[in-house]
Amino acid sequence: MKKTVLLSVLSAALLSQAQAATSVKIATISALSGPVSNLGVQMKNGTQLAVNEMKPQFAKLGMNISVVAYDDQADPTTGTSAARRAIADKAVLGMVGPLTSGVAIPATQAMAASHLVSVAPVATSEKVTDRGLKNVNRVCARDDAQGAAGGDFVSKSLKAKTVYVLNDKTPYGQGMAAEAEKAMKAAGVRVVQSEGVAAEERDFTAVITKIQTLKPEAIYFAGLYGQIGPFTQQLRAKGVQTPIVSGDGLDSPDFIKLAGSSVSNVYFTSLAPSLSAVPAAKKVADQYQKTFGAPIQGTGIMAYDSAKVLLTGILNAAKANGNKAPTREQVEKAVRNGTFKGLTGDIKFNANGDRTSAKIYVEAIKNGKRSTTATLNITRK
């Protein structure tokens, strides 16, 4: 009888402690379904891994931290709707994401008035941060740096004299293609054609016919793997082996599944590293594999770093707030003004929310295998 009473008292005490803990959340907005869901799931899982790791630190301050994940299907309207749902949930103190620039631009604008801070892992368009919003930050480099790096690769490494430029008509694709074009033209490369194809297009017969006619020495396609994979497969099926250069939208194992298991002569700039390029990520990679039953990718690494920045910002704001759950505005300031440690190096943001020191990785695909060929350091004041 005494044991039963004691157990009841202990259970009641534990329940009381659990009820006393303040529930706080961070959100993710990414494509969890659709053609780029591989990247979206990596972003969500990388965030969850960081939360799992830092839960004890929040518990010490009487907070129970969790993740709420929204699926935006890489669609700006859906993503902005998800942002409004996050805003309405008062327990949400910040966001990792959105994944794509096309979603990040309107979604973070909707979040600005409520001071809901975002830390984007791989949203690269200059427009994401050039608006000067206090709630927007990112841990990757920008399209103007990435596009220029891709353009330089075409002119200096491939030594191409002519190039065919494509973009997927999204802010991401258009911005990066424009920067790549600028760099290539400055280096004396002649652009034989520059055009946009809708992101949902999968039949490239007309484009390939023009490529066969114009015979460029390189193709630069700014878009996502779900589209460039079928383009590459169709191009190679026509016997055209022209080098294809792209950006980090190609950074997914699913590209090889779509393009062909033995695909070669494809290059891309990436703002998210392969595991081999970040030795510090090995322990996190092992935990990712154990937790999710899949290997971590570059987007997962960048999401982990983004989440650590956001979570550390919340903790710093809480400590400055008398060890109580902070307001969104306090978190917004703590993230923008802090200095953080990441797998990809130290992280600090400038006045617009751009990382002051970021990296670009140049990747090559040969016989269906990826390898890092160069690492470029990008600094911003």
# chains A, B, ... in the order shown; residues from 1 in each chain; ligands from 1

$ select_by_dssp --residues "range 173-222 of chain A" --states "strand (DSSP E)" --output "ChimeraX atom specification"
/A:190-196,218-222

$ write_last_selection --atoms "all heavy atoms" --output "mmCIF file, in the first residue's frame"
data_model
loop_
_atom_site.group_PDB
_atom_site.id
_atom_site.type_symbol
_atom_site.label_atom_id
_atom_site.label_comp_id
_atom_site.auth_asym_id
_atom_site.auth_seq_id
_atom_site.Cartn_x
_atom_site.Cartn_y
_atom_site.Cartn_z
ATOM 1 N N ARG A 190 30.949 33.490 -75.607
ATOM 2 C CA ARG A 190 29.777 33.947 -76.366
ATOM 3 C C ARG A 190 28.548 33.132 -75.983
ATOM 4 O O ARG A 190 28.570 31.895 -76.028
ATOM 5 C CB ARG A 190 30.041 33.827 -77.870
ATOM 6 C CG ARG A 190 28.892 34.341 -78.749
ATOM 7 C CD ARG A 190 29.339 34.515 -80.193
ATOM 8 N NE ARG A 190 29.742 33.256 -80.789
ATOM 9 C CZ ARG A 190 28.904 32.424 -81.439
ATOM 10 N NH1 ARG A 190 27.623 32.751 -81.564
ATOM 11 N NH2 ARG A 190 29.352 31.301 -81.962
ATOM 12 N N VAL A 191 27.492 33.821 -75.572
ATOM 13 C CA VAL A 191 26.229 33.160 -75.220
ATOM 14 C C VAL A 191 25.422 32.989 -76.507
ATOM 15 O O VAL A 191 24.927 33.965 -77.069
ATOM 16 C CB VAL A 191 25.448 33.984 -74.179
ATOM 17 C CG1 VAL A 191 24.106 33.316 -73.880
ATOM 18 C CG2 VAL A 191 26.261 34.142 -72.899
ATOM 19 N N VAL A 192 25.304 31.752 -76.987
ATOM 20 C CA VAL A 192 24.614 31.513 -78.261
ATOM 21 C C VAL A 192 23.103 31.533 -78.101
ATOM 22 O O VAL A 192 22.375 31.763 -79.067
ATOM 23 C CB VAL A 192 25.059 30.173 -78.883
ATOM 24 C CG1 VAL A 192 26.545 30.192 -79.207
ATOM 25 C CG2 VAL A 192 24.716 28.982 -77.986
ATOM 26 N N GLN A 193 22.629 31.291 -76.892
ATOM 27 C CA GLN A 193 21.188 31.336 -76.612
ATOM 28 C C GLN A 193 21.008 31.442 -75.103
ATOM 29 O O GLN A 193 21.749 30.827 -74.328
ATOM 30 C CB GLN A 193 20.483 30.071 -77.107
ATOM 31 C CG GLN A 193 18.986 30.000 -76.836
ATOM 32 C CD GLN A 193 18.171 30.879 -77.782
ATOM 33 O OE1 GLN A 193 18.567 31.104 -78.930
ATOM 34 N NE2 GLN A 193 17.060 31.405 -77.304
ATOM 35 N N SER A 194 20.034 32.229 -74.663
ATOM 36 C CA SER A 194 19.696 32.321 -73.249
ATOM 37 C C SER A 194 18.179 32.343 -73.147
ATOM 38 O O SER A 194 17.529 33.244 -73.687
ATOM 39 C CB SER A 194 20.282 33.589 -72.624
ATOM 40 O OG SER A 194 19.963 33.660 -71.247
ATOM 41 N N GLU A 195 17.630 31.337 -72.475
ATOM 42 C CA GLU A 195 16.170 31.254 -72.403
ATOM 43 C C GLU A 195 15.715 30.587 -71.107
ATOM 44 O O GLU A 195 16.492 29.904 -70.431
ATOM 45 C CB GLU A 195 15.607 30.485 -73.593
ATOM 46 C CG GLU A 195 16.014 29.015 -73.652
ATOM 47 C CD GLU A 195 15.369 28.290 -74.813
ATOM 48 O OE1 GLU A 195 14.130 28.354 -74.919
ATOM 49 O OE2 GLU A 195 16.104 27.672 -75.605
ATOM 50 N N GLY A 196 14.459 30.804 -70.760
ATOM 51 C CA GLY A 196 13.860 30.170 -69.605
ATOM 52 C C GLY A 196 12.884 29.091 -70.028
ATOM 53 O O GLY A 196 12.222 29.212 -71.058
ATOM 54 N N ALA A 218 29.509 24.404 -74.093
ATOM 55 C CA ALA A 218 29.052 24.128 -72.730
ATOM 56 C C ALA A 218 27.587 24.542 -72.606
ATOM 57 O O ALA A 218 27.095 25.380 -73.375
ATOM 58 C CB ALA A 218 29.898 24.868 -71.703
ATOM 59 N N ILE A 219 26.909 23.943 -71.656
ATOM 60 C CA ILE A 219 25.524 24.301 -71.330
ATOM 61 C C ILE A 219 25.481 24.700 -69.866
ATOM 62 O O ILE A 219 25.976 23.959 -69.005
ATOM 63 C CB ILE A 219 24.566 23.115 -71.571
ATOM 64 C CG1 ILE A 219 24.573 22.700 -73.045
ATOM 65 C CG2 ILE A 219 23.144 23.465 -71.117
ATOM 66 C CD1 ILE A 219 23.949 21.333 -73.291
ATOM 67 N N TYR A 220 24.917 25.869 -69.571
ATOM 68 C CA TYR A 220 24.727 26.272 -68.180
ATOM 69 C C TYR A 220 23.226 26.285 -67.917
ATOM 70 O O TYR A 220 22.481 27.024 -68.555
ATOM 71 C CB TYR A 220 25.316 27.657 -67.902
ATOM 72 C CG TYR A 220 25.273 27.999 -66.428
ATOM 73 C CD1 TYR A 220 26.321 27.646 -65.589
ATOM 74 C CD2 TYR A 220 24.157 28.615 -65.873
ATOM 75 C CE1 TYR A 220 26.268 27.911 -64.221
ATOM 76 C CE2 TYR A 220 24.096 28.885 -64.519
ATOM 77 C CZ TYR A 220 25.143 28.528 -63.697
ATOM 78 O OH TYR A 220 25.066 28.782 -62.352
ATOM 79 N N PHE A 221 22.767 25.441 -66.979
ATOM 80 C CA PHE A 221 21.332 25.314 -66.681
ATOM 81 C C PHE A 221 21.129 25.589 -65.194
ATOM 82 O O PHE A 221 21.509 24.804 -64.337
ATOM 83 C CB PHE A 221 20.851 23.902 -67.027
ATOM 84 C CG PHE A 221 19.344 23.750 -67.110
ATOM 85 C CD1 PHE A 221 18.786 22.734 -67.875
ATOM 86 C CD2 PHE A 221 18.475 24.590 -66.426
ATOM 87 C CE1 PHE A 221 17.406 22.575 -67.976
ATOM 88 C CE2 PHE A 221 17.094 24.455 -66.506
ATOM 89 C CZ PHE A 221 16.564 23.435 -67.282
ATOM 90 N N ALA A 222 20.507 26.708 -64.882
ATOM 91 C CA ALA A 222 20.212 27.072 -63.496
ATOM 92 C C ALA A 222 18.796 26.618 -63.157
ATOM 93 O O ALA A 222 17.816 27.169 -63.662
ATOM 94 C CB ALA A 222 20.344 28.580 -63.298
#

$ residues_around --residues "Gln227 in chain A" --least-positions-apart "3" --cutoff "8 Å" --atoms "only C-alpha atoms" --output "ChimeraX atom specification"
/A:199-202,223-224,230-231

$ write_last_selection --atoms "C-alpha atoms" --output "tab-separated table (two decimals), in the first residue's frame"
chain	number	residue	atom	x	y	z
A	199	ALA	CA	10.15	24.64	-63.79
A	200	GLU	CA	7.49	21.98	-64.41
A	201	GLU	CA	8.62	21.33	-68.02
A	202	ARG	CA	9.94	17.81	-68.67
A	223	GLY	CA	17.40	25.03	-61.95
A	224	LEU	CA	16.65	22.02	-59.74
A	230	PRO	CA	15.36	14.49	-67.25
A	231	PHE	CA	16.98	17.18	-69.43

$ closest_residue --among "A:Val309, A:Gly368, A:Lys290, A:Lys127" --to "Leu258 in chain A" --atoms "only C-alpha atoms"
A:Gly368

$ residues_around --residues "Ala74 in chain A" --least-positions-apart "5" --cutoff "12 Å" --atoms "only C-alpha atoms" --output "VMD selection string"
chain A and resid 29 to 40 79 to 80 82 97 to 104 107 123 170 172 199 to 200 224 226

$ write_last_selection --atoms "C-alpha atoms" --output "PDB file, in the first residue's frame"
ATOM      1  CA  ILE A  29       9.230  24.981 -44.245  1.00  0.00           C
ATOM      2  CA  SER A  30      10.462  22.777 -47.077  1.00  0.00           C
ATOM      3  CA  ALA A  31       9.274  20.467 -49.838  1.00  0.00           C
ATOM      4  CA  LEU A  32       8.334  17.191 -48.141  1.00  0.00           C
ATOM      5  CA  SER A  33       6.504  16.022 -51.255  1.00  0.00           C
ATOM      6  CA  GLY A  34       7.008  16.653 -54.953  1.00  0.00           C
ATOM      7  CA  PRO A  35      10.062  16.653 -57.231  1.00  0.00           C
ATOM      8  CA  VAL A  36      12.554  18.210 -54.769  1.00  0.00           C
ATOM      9  CA  SER A  37      11.341  16.443 -51.629  1.00  0.00           C
ATOM     10  CA  ASN A  38      14.725  14.755 -51.201  1.00  0.00           C
ATOM     11  CA  LEU A  39      16.222  18.132 -50.292  1.00  0.00           C
ATOM     12  CA  GLY A  40      13.219  19.098 -48.179  1.00  0.00           C
ATOM     13  CA  GLY A  79       4.880  28.102 -48.401  1.00  0.00           C
ATOM     14  CA  THR A  80       3.481  31.526 -47.513  1.00  0.00           C
ATOM     15  CA  ALA A  82       2.568  27.626 -44.023  1.00  0.00           C
ATOM     16  CA  GLY A  97      14.150  27.602 -43.970  1.00  0.00           C
ATOM     17  CA  PRO A  98      12.357  28.006 -46.225  1.00  0.00           C
ATOM     18  CA  LEU A  99      14.249  25.649 -48.508  1.00  0.00           C
ATOM     19  CA  THR A 100      13.914  27.480 -51.843  1.00  0.00           C
ATOM     20  CA  SER A 101      14.314  31.164 -52.656  1.00  0.00           C
ATOM     21  CA  GLY A 102      10.964  31.228 -54.436  1.00  0.00           C
ATOM     22  CA  VAL A 103       9.244  30.365 -51.165  1.00  0.00           C
ATOM     23  CA  ALA A 104      11.644  32.208 -48.861  1.00  0.00           C
ATOM     24  CA  ALA A 107       7.167  33.689 -46.707  1.00  0.00           C
ATOM     25  CA  ALA A 123      18.008  29.741 -50.147  1.00  0.00           C
ATOM     26  CA  THR A 170      12.122  30.907 -60.777  1.00  0.00           C
ATOM     27  CA  TYR A 172      16.606  31.117 -57.989  1.00  0.00           C
ATOM     28  CA  ALA A 199      10.146  24.642 -63.785  1.00  0.00           C
ATOM     29  CA  GLU A 200       7.494  21.980 -64.411  1.00  0.00           C
ATOM     30  CA  LEU A 224      16.648  22.021 -59.736  1.00  0.00           C
ATOM     31  CA  GLY A 226      14.010  17.248 -60.659  1.00  0.00           C
TER      32      GLY A 226
END

$ residues_around --residues "Val122 in chain A" --least-positions-apart "6" --cutoff "8 Å" --atoms "only C-alpha atoms" --output "PDB file with all heavy atoms, in the first residue's frame"
ATOM      1  N   GLY A  97      14.721  27.577 -42.637  1.00  0.00           N
ATOM      2  CA  GLY A  97      14.150  27.602 -43.970  1.00  0.00           C
ATOM      3  C   GLY A  97      13.632  28.993 -44.288  1.00  0.00           C
ATOM      4  O   GLY A  97      13.956  29.965 -43.592  1.00  0.00           O
ATOM      5  N   LEU A  99      13.234  26.335 -47.718  1.00  0.00           N
ATOM      6  CA  LEU A  99      14.249  25.649 -48.508  1.00  0.00           C
ATOM      7  C   LEU A  99      14.637  26.445 -49.752  1.00  0.00           C
ATOM      8  O   LEU A  99      15.817  26.681 -50.010  1.00  0.00           O
ATOM      9  CB  LEU A  99      13.728  24.267 -48.916  1.00  0.00           C
ATOM     10  CG  LEU A  99      14.633  23.447 -49.848  1.00  0.00           C
ATOM     11  CD1 LEU A  99      15.842  22.926 -49.091  1.00  0.00           C
ATOM     12  CD2 LEU A  99      13.849  22.290 -50.463  1.00  0.00           C
ATOM     13  N   THR A 100      13.647  26.837 -50.555  1.00  0.00           N
ATOM     14  CA  THR A 100      13.914  27.480 -51.843  1.00  0.00           C
ATOM     15  C   THR A 100      13.728  28.995 -51.754  1.00  0.00           C
ATOM     16  O   THR A 100      12.939  29.492 -50.948  1.00  0.00           O
ATOM     17  CB  THR A 100      12.978  26.938 -52.935  1.00  0.00           C
ATOM     18  OG1 THR A 100      11.617  27.248 -52.582  1.00  0.00           O
ATOM     19  CG2 THR A 100      13.129  25.426 -53.081  1.00  0.00           C
ATOM     20  N   ARG A 138      20.833  33.748 -43.519  1.00  0.00           N
ATOM     21  CA  ARG A 138      21.141  32.485 -44.188  1.00  0.00           C
ATOM     22  C   ARG A 138      22.588  32.086 -43.945  1.00  0.00           C
ATOM     23  O   ARG A 138      23.458  32.944 -43.779  1.00  0.00           O
ATOM     24  CB  ARG A 138      20.856  32.562 -45.690  1.00  0.00           C
ATOM     25  CG  ARG A 138      21.630  33.623 -46.419  1.00  0.00           C
ATOM     26  CD  ARG A 138      21.413  33.525 -47.909  1.00  0.00           C
ATOM     27  NE  ARG A 138      21.495  34.830 -48.550  1.00  0.00           N
ATOM     28  CZ  ARG A 138      20.897  35.142 -49.688  1.00  0.00           C
ATOM     29  NH1 ARG A 138      20.194  34.238 -50.323  1.00  0.00           N
ATOM     30  NH2 ARG A 138      20.999  36.346 -50.212  1.00  0.00           N
ATOM     31  N   VAL A 139      22.825  30.771 -43.949  1.00  0.00           N
ATOM     32  CA  VAL A 139      24.172  30.273 -43.660  1.00  0.00           C
ATOM     33  C   VAL A 139      24.949  29.942 -44.928  1.00  0.00           C
ATOM     34  O   VAL A 139      26.131  29.599 -44.857  1.00  0.00           O
ATOM     35  CB  VAL A 139      24.132  29.033 -42.736  1.00  0.00           C
ATOM     36  CG1 VAL A 139      23.466  29.367 -41.412  1.00  0.00           C
ATOM     37  CG2 VAL A 139      23.440  27.864 -43.410  1.00  0.00           C
ATOM     38  N   CYS A 140      24.312  30.026 -46.092  1.00  0.00           N
ATOM     39  CA  CYS A 140      24.983  29.720 -47.361  1.00  0.00           C
ATOM     40  C   CYS A 140      25.412  31.000 -48.059  1.00  0.00           C
ATOM     41  O   CYS A 140      25.003  32.098 -47.689  1.00  0.00           O
ATOM     42  CB  CYS A 140      24.044  28.929 -48.279  1.00  0.00           C
ATOM     43  SG  CYS A 140      22.531  29.827 -48.710  1.00  0.00           S
ATOM     44  N   LEU A 271      26.548  25.091 -52.444  1.00  0.00           N
ATOM     45  CA  LEU A 271      26.741  25.846 -51.223  1.00  0.00           C
ATOM     46  C   LEU A 271      26.650  24.925 -50.015  1.00  0.00           C
ATOM     47  O   LEU A 271      26.903  25.337 -48.888  1.00  0.00           O
ATOM     48  CB  LEU A 271      25.679  26.944 -51.130  1.00  0.00           C
ATOM     49  CG  LEU A 271      25.600  27.814 -52.384  1.00  0.00           C
ATOM     50  CD1 LEU A 271      24.514  28.854 -52.263  1.00  0.00           C
ATOM     51  CD2 LEU A 271      26.936  28.476 -52.661  1.00  0.00           C
ATOM     52  N   ALA A 272      26.264  23.678 -50.289  1.00  0.00           N
ATOM     53  CA  ALA A 272      26.196  22.664 -49.237  1.00  0.00           C
ATOM     54  C   ALA A 272      27.249  21.611 -49.542  1.00  0.00           C
ATOM     55  O   ALA A 272      27.297  21.072 -50.645  1.00  0.00           O
ATOM     56  CB  ALA A 272      24.804  22.037 -49.211  1.00  0.00           C
ATOM     57  N   THR A 299      22.526  19.342 -47.887  1.00  0.00           N
ATOM     58  CA  THR A 299      21.417  20.143 -47.365  1.00  0.00           C
ATOM     59  C   THR A 299      21.159  19.817 -45.904  1.00  0.00           C
ATOM     60  O   THR A 299      20.830  20.699 -45.102  1.00  0.00           O
ATOM     61  CB  THR A 299      20.146  19.908 -48.199  1.00  0.00           C
ATOM     62  OG1 THR A 299      20.404  20.271 -49.563  1.00  0.00           O
ATOM     63  CG2 THR A 299      18.979  20.742 -47.690  1.00  0.00           C
ATOM     64  N   MET A 302      23.805  21.661 -43.850  1.00  0.00           N
ATOM     65  CA  MET A 302      23.505  23.087 -43.752  1.00  0.00           C
ATOM     66  C   MET A 302      22.289  23.341 -42.856  1.00  0.00           C
ATOM     67  O   MET A 302      22.232  24.340 -42.129  1.00  0.00           O
ATOM     68  CB  MET A 302      23.271  23.667 -45.146  1.00  0.00           C
ATOM     69  CG  MET A 302      24.475  23.573 -46.069  1.00  0.00           C
ATOM     70  SD  MET A 302      25.911  24.514 -45.500  1.00  0.00           S
ATOM     71  CE  MET A 302      25.515  26.146 -46.147  1.00  0.00           C
TER      72      MET A 302
END

$ residues_around --residues "Gly62 in chain A" --least-positions-apart "2" --cutoff "12 Å" --atoms "only C-alpha atoms" --output "ChimeraX atom specification"
/A:17-24,55-60,64-65,315,318-319,322-325

$ select_by_dssp --residues "range 156-246 of chain A" --states "alpha helix (DSSP H)" --output "ChimeraX atom specification"
/A:171-186,205-214,225-237

$ write_last_selection --atoms "N, CA and C atoms" --output "short mmCIF file (atom, residue, chain, number, x, y, z; two decimals), in the first residue's frame"
data_model
loop_
_atom_site.label_atom_id
_atom_site.label_comp_id
_atom_site.auth_asym_id
_atom_site.auth_seq_id
_atom_site.Cartn_x
_atom_site.Cartn_y
_atom_site.Cartn_z
N PRO A 171 12.88 32.66 -59.22
CA PRO A 171 13.87 33.65 -58.76
C PRO A 171 15.26 33.05 -58.62
N TYR A 172 15.32 31.82 -58.14
CA TYR A 172 16.61 31.12 -57.99
C TYR A 172 17.29 30.96 -59.34
N GLY A 173 16.59 30.34 -60.30
CA GLY A 173 17.18 30.05 -61.60
C GLY A 173 17.52 31.30 -62.38
N GLN A 174 16.62 32.26 -62.39
CA GLN A 174 16.86 33.48 -63.15
C GLN A 174 18.04 34.27 -62.57
N GLY A 175 18.09 34.37 -61.25
CA GLY A 175 19.18 35.14 -60.62
C GLY A 175 20.53 34.51 -60.85
N MET A 176 20.60 33.19 -60.71
CA MET A 176 21.89 32.55 -60.86
C MET A 176 22.35 32.53 -62.32
N ALA A 177 21.41 32.30 -63.24
CA ALA A 177 21.77 32.31 -64.66
C ALA A 177 22.28 33.69 -65.07
N ALA A 178 21.66 34.74 -64.54
CA ALA A 178 22.08 36.10 -64.89
C ALA A 178 23.51 36.37 -64.42
N GLU A 179 23.84 35.92 -63.21
CA GLU A 179 25.19 36.13 -62.69
C GLU A 179 26.23 35.30 -63.45
N ALA A 180 25.85 34.07 -63.79
CA ALA A 180 26.76 33.22 -64.57
C ALA A 180 27.01 33.82 -65.94
N GLU A 181 25.95 34.31 -66.57
CA GLU A 181 26.08 34.95 -67.89
C GLU A 181 27.03 36.15 -67.82
N LYS A 182 26.85 36.94 -66.78
CA LYS A 182 27.68 38.14 -66.62
C LYS A 182 29.16 37.75 -66.54
N ALA A 183 29.45 36.72 -65.74
CA ALA A 183 30.85 36.29 -65.58
C ALA A 183 31.40 35.70 -66.87
N MET A 184 30.58 34.93 -67.58
CA MET A 184 31.05 34.31 -68.82
C MET A 184 31.30 35.35 -69.90
N LYS A 185 30.40 36.31 -70.03
CA LYS A 185 30.58 37.36 -71.04
C LYS A 185 31.82 38.18 -70.73
N ALA A 186 32.06 38.46 -69.44
CA ALA A 186 33.25 39.23 -69.05
C ALA A 186 34.53 38.50 -69.41
N THR A 205 12.56 18.38 -76.07
CA THR A 205 12.82 18.11 -77.48
C THR A 205 13.22 19.37 -78.24
N ALA A 206 12.44 20.44 -78.06
CA ALA A 206 12.70 21.68 -78.81
C ALA A 206 14.04 22.30 -78.40
N VAL A 207 14.32 22.31 -77.11
CA VAL A 207 15.58 22.88 -76.62
C VAL A 207 16.77 22.08 -77.14
N ILE A 208 16.67 20.76 -77.09
CA ILE A 208 17.78 19.91 -77.53
C ILE A 208 18.03 20.07 -79.02
N THR A 209 16.97 20.25 -79.78
CA THR A 209 17.13 20.49 -81.23
C THR A 209 17.95 21.75 -81.47
N LYS A 210 17.65 22.80 -80.70
CA LYS A 210 18.41 24.06 -80.85
C LYS A 210 19.87 23.87 -80.43
N ILE A 211 20.08 23.10 -79.36
CA ILE A 211 21.45 22.83 -78.91
C ILE A 211 22.22 22.07 -79.99
N GLN A 212 21.56 21.10 -80.62
CA GLN A 212 22.22 20.34 -81.69
C GLN A 212 22.56 21.24 -82.88
N THR A 213 21.74 22.24 -83.12
CA THR A 213 21.98 23.16 -84.24
C THR A 213 23.09 24.16 -83.92
N LEU A 214 23.05 24.72 -82.71
CA LEU A 214 24.00 25.78 -82.34
C LEU A 214 25.35 25.24 -81.88
N TYR A 225 17.29 19.70 -59.57
CA TYR A 225 17.60 18.36 -60.07
C TYR A 225 16.40 17.64 -60.67
N GLY A 226 15.20 17.92 -60.16
CA GLY A 226 14.01 17.25 -60.66
C GLY A 226 13.72 17.57 -62.11
N GLN A 227 14.24 18.69 -62.58
CA GLN A 227 14.08 19.09 -63.99
C GLN A 227 15.34 18.83 -64.80
N ILE A 228 16.50 19.15 -64.23
CA ILE A 228 17.75 19.01 -64.99
C ILE A 228 18.11 17.54 -65.19
N GLY A 229 17.65 16.67 -64.28
CA GLY A 229 17.88 15.23 -64.46
C GLY A 229 17.27 14.71 -65.76
N PRO A 230 15.97 14.91 -65.98
CA PRO A 230 15.36 14.49 -67.25
C PRO A 230 15.97 15.18 -68.46
N PHE A 231 16.32 16.47 -68.32
CA PHE A 231 16.98 17.18 -69.43
C PHE A 231 18.28 16.48 -69.81
N THR A 232 19.08 16.15 -68.81
CA THR A 232 20.37 15.49 -69.06
C THR A 232 20.17 14.13 -69.71
N GLN A 233 19.20 13.38 -69.19
CA GLN A 233 18.92 12.05 -69.74
C GLN A 233 18.51 12.15 -71.21
N GLN A 234 17.64 13.09 -71.54
CA GLN A 234 17.18 13.25 -72.92
C GLN A 234 18.31 13.75 -73.82
N LEU A 235 19.13 14.66 -73.29
CA LEU A 235 20.25 15.19 -74.07
C LEU A 235 21.25 14.09 -74.40
N ARG A 236 21.62 13.28 -73.41
CA ARG A 236 22.58 12.20 -73.63
C ARG A 236 22.00 11.13 -74.54
N ALA A 237 20.69 10.91 -74.44
CA ALA A 237 20.05 9.92 -75.30
C ALA A 237 20.13 10.32 -76.77
#

$ atom_distance --atom1 "CA of Asn337 in chain A" --atom2 "CA of Asp144 in chain A"
23.9 Å

$ atom_distance --atom1 "CA of Ala83 in chain A" --atom2 "CA of Ala334 in chain A"
20.8 Å

$ closest_residue --among "A:Gln287, A:Thr373, A:Asn167, A:Ser155" --to "Ala50 in chain A" --atoms "only C-alpha atoms"
A:Gln287

$ atom_distance --atom1 "CA of Val92 in chain A" --atom2 "CA of Gly249 in chain A"
28.5 Å

$ closest_residue --among "A:Val68, A:Thr129, A:Met43, A:Lys134" --to "Glu329 in chain A" --atoms "only C-alpha atoms"
A:Lys134

$ residues_around --residues "Thr312 in chain A" --least-positions-apart "2" --cutoff "9 Å" --atoms "only C-alpha atoms" --output "count of residues only"
13
